[in-house]
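Note: the block below is upload_5.cif and it holds mmCIF, C-alpha atoms and all ligand atoms.
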data_my_file
loop_
_atom_site.label_atom_id
_atom_site.label_comp_id
_atom_site.auth_asym_id
_atom_site.auth_seq_id
_atom_site.Cartn_x
_atom_site.Cartn_y
_atom_site.Cartn_z
CA MET A 369 -23.22 -0.61 -8.86
CA ARG A 370 -19.48 0.04 -9.07
CA ILE A 371 -17.42 -2.58 -7.25
CA ILE A 372 -13.77 -2.16 -6.35
CA ILE A 373 -12.00 -5.41 -5.51
CA CYS A 374 -8.83 -4.88 -3.48
CA ASP A 375 -6.17 -7.48 -2.72
CA THR A 376 -6.29 -6.93 1.03
CA ALA A 377 -8.59 -5.63 3.76
CA ALA A 378 -6.09 -2.86 4.54
CA GLU A 379 -6.15 -1.67 0.92
CA ALA A 380 -9.95 -1.72 0.80
CA THR A 381 -10.15 0.25 4.04
CA GLU A 382 -7.65 2.79 2.72
CA LYS A 383 -9.73 3.21 -0.43
CA VAL A 384 -12.90 3.96 1.55
CA ALA A 385 -11.02 6.36 3.84
CA GLY A 386 -9.93 8.16 0.65
CA PHE A 387 -13.52 8.53 -0.58
CA ILE A 388 -14.56 10.05 2.76
CA THR A 389 -11.63 12.43 3.08
CA ASP A 390 -12.02 13.52 -0.58
CA GLN A 391 -15.68 14.26 0.15
CA ILE A 392 -14.79 16.43 3.17
CA ARG A 393 -12.04 18.25 1.26
CA ALA A 394 -14.44 18.97 -1.62
CA ARG A 395 -17.20 20.11 0.76
CA PRO A 396 -16.10 20.84 4.33
CA ASP A 397 -19.73 21.08 5.51
CA SER A 398 -20.61 17.61 4.18
CA VAL A 399 -23.37 15.54 5.72
CA LEU A 400 -22.07 12.01 6.25
CA GLY A 401 -24.02 8.87 7.07
CA LEU A 402 -21.91 6.66 9.34
CA ALA A 403 -21.92 2.98 10.23
CA THR A 404 -20.64 0.87 13.13
CA GLY A 405 -19.35 -2.71 13.46
CA GLY A 406 -15.96 -4.42 13.50
CA THR A 407 -15.26 -3.55 9.85
CA MET A 408 -15.34 0.19 10.54
CA GLU A 409 -12.90 0.25 13.46
CA ARG A 410 -9.80 0.37 11.26
CA LEU A 411 -11.48 2.84 8.90
CA TYR A 412 -12.16 5.25 11.76
CA GLY A 413 -8.52 4.85 12.79
CA ARG A 414 -7.59 6.08 9.30
CA LEU A 415 -9.93 9.08 9.63
CA GLN A 416 -8.33 9.93 12.98
CA GLN A 417 -4.97 9.84 11.19
CA ALA A 418 -6.31 12.11 8.43
CA HIS A 419 -7.32 14.58 11.14
CA ARG A 420 -3.87 14.45 12.75
CA ASP A 421 -2.49 15.12 9.26
CA GLY A 422 -4.54 18.32 9.05
CA LEU A 423 -8.07 17.45 7.85
CA SER A 424 -10.75 19.35 9.75
CA PHE A 425 -14.16 17.83 10.52
CA ALA A 426 -15.33 21.04 12.22
CA ASP A 427 -18.16 21.74 9.78
CA VAL A 428 -19.21 18.13 9.13
CA THR A 429 -22.63 16.80 10.21
CA THR A 430 -23.12 13.06 10.74
CA PHE A 431 -26.05 10.65 10.98
CA ASN A 432 -25.46 7.13 12.23
CA LEU A 433 -27.48 4.31 10.78
CA ASP A 434 -28.82 2.79 13.97
CA GLU A 435 -28.91 2.37 17.74
CA TYR A 436 -30.03 -0.42 20.07
CA VAL A 437 -33.40 0.07 21.74
CA GLY A 438 -32.94 0.44 25.48
CA LEU A 439 -29.28 1.42 25.56
CA PRO A 440 -28.42 4.94 26.76
CA ALA A 441 -25.60 6.85 25.04
CA ASP A 442 -23.17 6.14 27.90
CA HIS A 443 -23.67 2.34 27.72
CA PRO A 444 -20.39 0.80 26.49
CA GLN A 445 -22.23 -1.32 23.90
CA SER A 446 -24.32 1.55 22.54
CA TYR A 447 -23.41 2.86 19.13
CA ALA A 448 -23.26 6.38 20.57
CA TYR A 449 -20.44 5.15 22.81
CA TYR A 450 -18.78 3.27 19.91
CA MET A 451 -18.72 6.42 17.77
CA ARG A 452 -17.17 8.56 20.50
CA HIS A 453 -14.62 5.85 21.26
CA PHE A 454 -13.55 5.09 17.70
CA LEU A 455 -13.95 8.51 16.08
CA PHE A 456 -15.69 11.54 17.55
CA ASP A 457 -13.49 11.99 20.65
CA HIS A 458 -10.38 12.01 18.44
CA ILE A 459 -11.33 14.60 15.82
CA ASP A 460 -12.48 18.23 15.87
CA ILE A 461 -16.12 17.49 15.00
CA ASP A 462 -18.92 19.38 16.78
CA GLN A 463 -20.66 16.52 18.62
CA ASP A 464 -23.91 18.55 18.73
CA ARG A 465 -24.12 17.79 15.02
CA CYS A 466 -23.38 14.06 15.36
CA PHE A 467 -26.81 12.44 15.31
CA ILE A 468 -27.64 8.90 16.41
CA PRO A 469 -31.17 7.55 17.01
CA ASP A 470 -32.20 7.78 20.67
CA GLY A 471 -32.48 4.27 22.11
CA THR A 472 -34.04 5.48 25.37
CA ILE A 473 -37.30 7.09 24.23
CA HIS A 474 -40.35 5.45 22.67
CA PRO A 475 -39.16 3.87 19.38
CA PHE A 476 -41.99 5.53 17.39
CA GLN A 477 -40.86 8.92 18.64
CA ALA A 478 -37.16 8.16 18.16
CA ALA A 479 -37.79 7.10 14.56
CA ALA A 480 -40.00 10.08 13.69
CA ASP A 481 -37.53 12.52 15.31
CA TYR A 482 -34.69 11.00 13.30
CA GLU A 483 -36.46 11.34 9.95
CA THR A 484 -37.21 14.98 10.82
CA LEU A 485 -33.56 15.64 11.68
CA ILE A 486 -32.39 14.10 8.41
CA ALA A 487 -34.92 16.18 6.48
CA ASP A 488 -33.75 19.33 8.29
CA HIS A 489 -29.99 18.77 7.89
CA GLY A 490 -29.81 16.47 4.88
CA PRO A 491 -29.74 15.18 2.30
CA ILE A 492 -26.84 12.95 3.22
CA ASP A 493 -23.96 13.49 0.78
CA LEU A 494 -22.13 10.24 1.42
CA GLN A 495 -23.58 7.26 3.28
CA LEU A 496 -21.09 4.70 4.58
CA LEU A 497 -22.40 1.14 4.93
CA GLY A 498 -21.18 -2.18 6.29
CA LEU A 499 -22.82 -5.42 5.21
CA GLY A 500 -24.24 -8.12 7.47
CA ARG A 501 -23.58 -11.78 6.70
CA ASN A 502 -27.32 -12.10 6.18
CA GLY A 503 -27.35 -9.19 3.71
CA HIS A 504 -28.59 -6.55 6.14
CA ILE A 505 -27.68 -2.86 5.83
CA GLY A 506 -28.13 -0.87 9.01
CA PHE A 507 -30.42 -3.17 10.97
CA ASN A 508 -32.72 -3.73 8.01
CA GLU A 509 -32.87 -7.47 8.46
CA PRO A 510 -34.13 -9.88 5.77
CA SER A 511 -37.84 -9.22 5.10
CA SER A 512 -37.42 -5.44 5.59
CA SER A 513 -39.46 -3.36 3.20
CA LEU A 514 -37.27 -1.93 0.48
CA ASN A 515 -39.29 1.27 0.83
CA SER A 516 -38.87 1.60 4.61
CA LEU A 517 -38.11 4.72 6.64
CA THR A 518 -36.46 4.87 10.08
CA ARG A 519 -38.23 2.54 12.51
CA GLU A 520 -37.73 -0.16 15.13
CA LYS A 521 -36.65 -3.55 13.78
CA ALA A 522 -36.29 -6.84 15.65
CA LEU A 523 -32.78 -8.27 15.32
CA SER A 524 -32.55 -11.55 13.42
CA GLN A 525 -31.11 -14.72 14.96
CA ASP A 526 -28.01 -14.28 12.76
CA THR A 527 -27.44 -10.78 14.07
CA LEU A 528 -28.05 -11.80 17.69
CA ALA A 529 -25.50 -14.60 17.26
CA ALA A 530 -22.96 -12.17 15.72
CA ASN A 531 -23.53 -9.66 18.56
CA ARG A 532 -23.20 -12.16 21.40
CA GLN A 533 -19.43 -11.56 21.56
CA TYR A 534 -20.03 -7.93 22.61
CA PHE A 535 -22.40 -8.58 25.54
CA ASP A 536 -21.68 -10.22 28.93
CA ASP A 537 -24.88 -12.21 29.03
CA ASP A 538 -27.84 -12.83 26.76
CA ALA A 539 -30.31 -11.28 29.22
CA ASN A 540 -28.75 -7.84 28.69
CA MET A 541 -28.54 -8.09 24.92
CA PRO A 542 -30.96 -5.80 23.09
CA ASN A 543 -33.25 -7.63 20.69
CA SER A 544 -34.30 -4.66 18.62
CA ALA A 545 -32.86 -1.46 17.20
CA ILE A 546 -33.95 1.83 15.68
CA THR A 547 -32.55 1.83 12.16
CA MET A 548 -32.65 4.11 9.17
CA GLY A 549 -34.90 2.44 6.61
CA ILE A 550 -33.79 1.28 3.20
CA LYS A 551 -35.52 4.24 1.57
CA THR A 552 -33.79 6.57 4.05
CA ILE A 553 -30.41 5.04 3.20
CA CYS A 554 -31.07 5.20 -0.54
CA SER A 555 -31.92 8.90 -0.37
CA ALA A 556 -28.20 9.66 0.13
CA HIS A 557 -26.47 11.13 -2.95
CA GLN A 558 -23.70 8.58 -2.80
CA ILE A 559 -23.33 5.27 -0.96
CA VAL A 560 -19.98 3.64 -0.14
CA LEU A 561 -20.15 0.10 1.23
CA LEU A 562 -17.21 -1.74 2.78
CA ALA A 563 -17.26 -5.55 3.16
CA LEU A 564 -14.25 -7.61 4.19
CA GLY A 565 -13.44 -11.29 4.62
CA ALA A 566 -14.73 -14.64 3.46
CA GLY A 567 -17.62 -14.45 5.92
CA LYS A 568 -19.15 -11.71 3.75
CA ALA A 569 -18.65 -13.45 0.39
CA GLN A 570 -22.15 -14.90 0.19
CA ALA A 571 -23.77 -11.58 1.12
CA VAL A 572 -21.63 -9.70 -1.42
CA LYS A 573 -22.70 -12.11 -4.13
CA ARG A 574 -26.38 -11.80 -3.23
CA MET A 575 -26.13 -8.00 -3.05
CA MET A 576 -24.42 -7.68 -6.45
CA GLU A 577 -25.72 -10.59 -8.47
CA GLY A 578 -28.87 -11.82 -6.78
CA PRO A 579 -32.39 -10.62 -7.44
CA VAL A 580 -33.55 -7.41 -5.74
CA SER A 581 -35.38 -8.91 -2.80
CA THR A 582 -36.34 -8.23 0.79
CA PHE A 583 -34.49 -11.49 1.56
CA CYS A 584 -31.25 -9.62 0.90
CA PRO A 585 -31.87 -5.98 1.90
CA ALA A 586 -28.50 -4.88 0.44
CA SER A 587 -29.76 -5.94 -3.01
CA ALA A 588 -31.88 -2.74 -2.93
CA LEU A 589 -28.62 -0.90 -3.63
CA GLN A 590 -28.84 -2.21 -7.21
CA MET A 591 -31.57 0.43 -7.69
CA HIS A 592 -29.41 3.35 -6.50
CA PRO A 593 -27.51 5.25 -9.22
CA ASN A 594 -24.38 6.03 -7.22
CA VAL A 595 -23.10 3.12 -5.14
CA ILE A 596 -19.47 2.02 -4.75
CA ALA A 597 -18.91 -1.32 -3.02
CA VAL A 598 -15.33 -1.78 -1.86
CA VAL A 599 -14.42 -5.36 -0.98
CA ASP A 600 -11.28 -7.41 -0.40
CA ALA A 601 -10.39 -10.53 -2.41
CA ASP A 602 -11.91 -12.87 0.20
CA ALA A 603 -15.26 -11.09 0.15
CA ALA A 604 -15.23 -11.08 -3.68
CA GLN A 605 -14.46 -14.79 -4.09
CA LEU A 606 -17.99 -15.93 -5.04
CA LEU A 607 -18.72 -13.24 -7.64
CA GLU A 608 -19.58 -14.77 -10.99
CA LEU A 609 -18.60 -11.68 -13.01
CA LYS A 610 -15.52 -10.82 -10.96
CA ASP A 611 -13.23 -10.52 -14.02
CA HIS A 612 -15.69 -8.18 -15.69
CA TYR A 613 -15.90 -5.94 -12.59
CA MET A 614 -12.11 -5.75 -12.47
CA HIS A 615 -11.99 -4.87 -16.17
CA GLU A 616 -14.62 -2.14 -15.63
CA GLU A 617 -12.61 -0.76 -12.75
CA ARG A 618 -9.42 -0.60 -14.83
CA ILE A 619 -11.35 1.45 -17.42
CA GLN A 620 -12.72 3.69 -14.65
CA GLN A 621 -9.18 4.24 -13.32
CA MET A 622 -7.94 5.16 -16.81
CA ARG A 623 -10.83 7.61 -17.20
CA GLU A 624 -10.04 9.23 -13.84
CA HIS A 625 -6.35 9.36 -14.69
CA SER A 626 -6.94 11.11 -18.01
CA ALA A 627 -9.43 13.52 -16.42
CA GLY A 628 -6.74 14.38 -13.84
CA VAL A 629 -4.08 14.85 -16.51
CA VAL A 630 -6.19 17.17 -18.74
P1 LIG A 701 -19.34 -6.06 11.03
O1 LIG A 701 -20.87 -5.65 10.89
O2 LIG A 701 -18.55 -4.94 10.48
O3 LIG A 701 -19.14 -6.21 12.52
O4 LIG A 701 -19.15 -7.34 10.29
C1 LIG A 701 -21.35 -5.19 9.66
C2 LIG A 701 -22.86 -5.08 9.70
O5 LIG A 701 -23.51 -5.93 10.34
O6 LIG A 701 -23.40 -4.15 9.10
#
Show the structure stored in the file as structure tokens.
Amino acid sequence: MRIIICDTAAEATEKVAGFITDQIRARPDSVLGLATGGTMERLYGRLQQAHRDGLSFADVTTFNLDEYVGLPADHPQSYAYYMRHFLFDHIDIDQDRCFIPDGTIHPFQAAADYETLIADHGPIDLQLLGLGRNGHIGFNEPSSSLNSLTREKALSQDTLAANRQYFDDDANMPNSAITMGIKTICSAHQIVLLALGAGKAQAVKRMMEGPVSTFCPASALQMHPNVIAVVDADAAQLLELKDHYMHEERIQQMREHSAGVV
């Protein structure tokens, strides 16, 4: 796994925005896997800016990682709403090709439909991921099968606690979600993960340096050949081999520089 350690959250976000815009420039009809959460809000702001600066998303197809069971697309806490609010309504993307699991139909059906859609339109070229404090990716909570496909997952206590800020009262808070599985996520050609802040430091360490284990679903990314984790200094603070990763990255930058110069 390649890890890029940036001094600040803004720099890390800029780096990830660059990977996504480079992907779209190289292949305007890219299939992107998208993520939600607080970390992505500023990133989507940068993509809106890229669009204002001339980048077209007109031929891009997107698949979001997950959606809450029971929330319709017009519910302000649904991820369908989030995506329109933070990105889709501000760019020239065709929203008929912006796919998000359907939280309103039977979860078995929603999950099966989603896998079919990904098979029909995919594979996903670039999958964007956030990272939960408990090591989840999408809503693959600890104990998720590393070989899982899209399905309904119960939200963990950690996730429910983190989500409480977004809901008026606990009674209305969904307790499960339809999420792409870990196998679904890992079938993307490239994965770019963004994790910011000291609250993610433990999860970043377990993802990078812990054993591959269902206890830390993000550790499954160690098995994928093309993952870039972009983190800020706070999120990187517990990494044992931090100096080595920074050395590797300097070599990578030199390689890219000389390839560009030739
Ligand atoms: P966050 O969520 O960006 O709100 O921290 C990330 C995640 O849980 O995947």
Once you count all atoms listed in the file, which residues end up no further than 10 Å from (-38.2, 3.5, 26.9) in the file's frame, shown as a VMD selection string? chain A and resid 437 to 440 470 to 475 478
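Nearest to ligand LIG 701 (chain A) of all the residues A:Val384, A:Ala601, A:Leu561, A:Ala441 is A:Leu561, counting all atoms listed in the file.
Counting only C-alpha atoms and comparing A:Asp526, A:Asp427, A:Glu617, A:Glu624, the residue that lies closest to Gln463 (chain A) is A:Asp427.
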Fewer than 4 positions away in the same chain doesn't count, so skip those; otherwise give me all residues within 12 Å of His443 (chain A), counting all atoms listed in the file, as a list in words.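 Answer for this query is Glu435, Tyr436, Val437, Gly438, Leu439, Tyr447, Ala448, Tyr449, Tyr450, Met451, Arg452, His453, Gly471, Thr472, Phe535, Asn540, Met541 and Pro542 of chain A.
With distances restricted to all atoms listed in the file, A:Gly565 is the closest residue to Thr407 (chain A) from A:Gly628, A:Lys383, A:Gly565, A:Leu589.
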Distance CA of Ala597 (chain A)-CA of Arg414 (chain A), one decimal place?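 So the answer is 18.3 Å.
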How close does chain A get to ligand LIG 701 (chain A)? List, as JSON lines, each residue of chain A within 6 Å, its nearest atom pair and the distance in Å to one decimal, counting only C-alpha atoms and all ligand atoms.
{"residue": "A:Gly405", "atom": "CA", "partner": "A:LIG701", "partner_atom": "O3", "distance": 3.6}
{"residue": "A:Gly406", "atom": "CA", "partner": "A:LIG701", "partner_atom": "O3", "distance": 3.8}
{"residue": "A:Thr407", "atom": "CA", "partner": "A:LIG701", "partner_atom": "O2", "distance": 3.6}
{"residue": "A:Gly498", "atom": "CA", "partner": "A:LIG701", "partner_atom": "O6", "distance": 4.1}
{"residue": "A:Leu499", "atom": "CA", "partner": "A:LIG701", "partner_atom": "O6", "distance": 4.1}
{"residue": "A:Gly500", "atom": "CA", "partner": "A:LIG701", "partner_atom": "O5", "distance": 3.7}
{"residue": "A:Ile505", "atom": "CA", "partner": "A:LIG701", "partner_atom": "O6", "distance": 5.5}
{"residue": "A:Gly506", "atom": "CA", "partner": "A:LIG701", "partner_atom": "O6", "distance": 5.8}
Please identify all polymer residues within 8 Å of region 390-396 of chain A, counting all atoms listed in the file, omitting same-chain residues fewer than 4 positions from it, and present them as JSON, numbers by chain. {"A": [386, 423, 424, 425, 426, 427, 428, 494]}
Keeping C-alpha atoms for every residue in the selection just given, could you write it to a file as a PDB file, in the frame of the given file?
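Output (out18.pdb):
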ATOM      1  CA  GLY A 386      -9.930   8.160   0.650  1.00  0.00           C
ATOM      2  CA  LEU A 423      -8.070  17.450   7.850  1.00  0.00           C
ATOM      3  CA  SER A 424     -10.750  19.350   9.750  1.00  0.00           C
ATOM      4  CA  PHE A 425     -14.160  17.830  10.520  1.00  0.00           C
ATOM      5  CA  ALA A 426     -15.330  21.040  12.220  1.00  0.00           C
ATOM      6  CA  ASP A 427     -18.160  21.740   9.780  1.00  0.00           C
ATOM      7  CA  VAL A 428     -19.210  18.130   9.130  1.00  0.00           C
ATOM      8  CA  LEU A 494     -22.130  10.240   1.420  1.00  0.00           C
TER       9      LEU A 494
END
Contacts of Cys584 (chain A) at 10 Å or less, counting all atoms listed in the file, minus same-chain residues fewer than 2 places along, as a count of residues only? 24
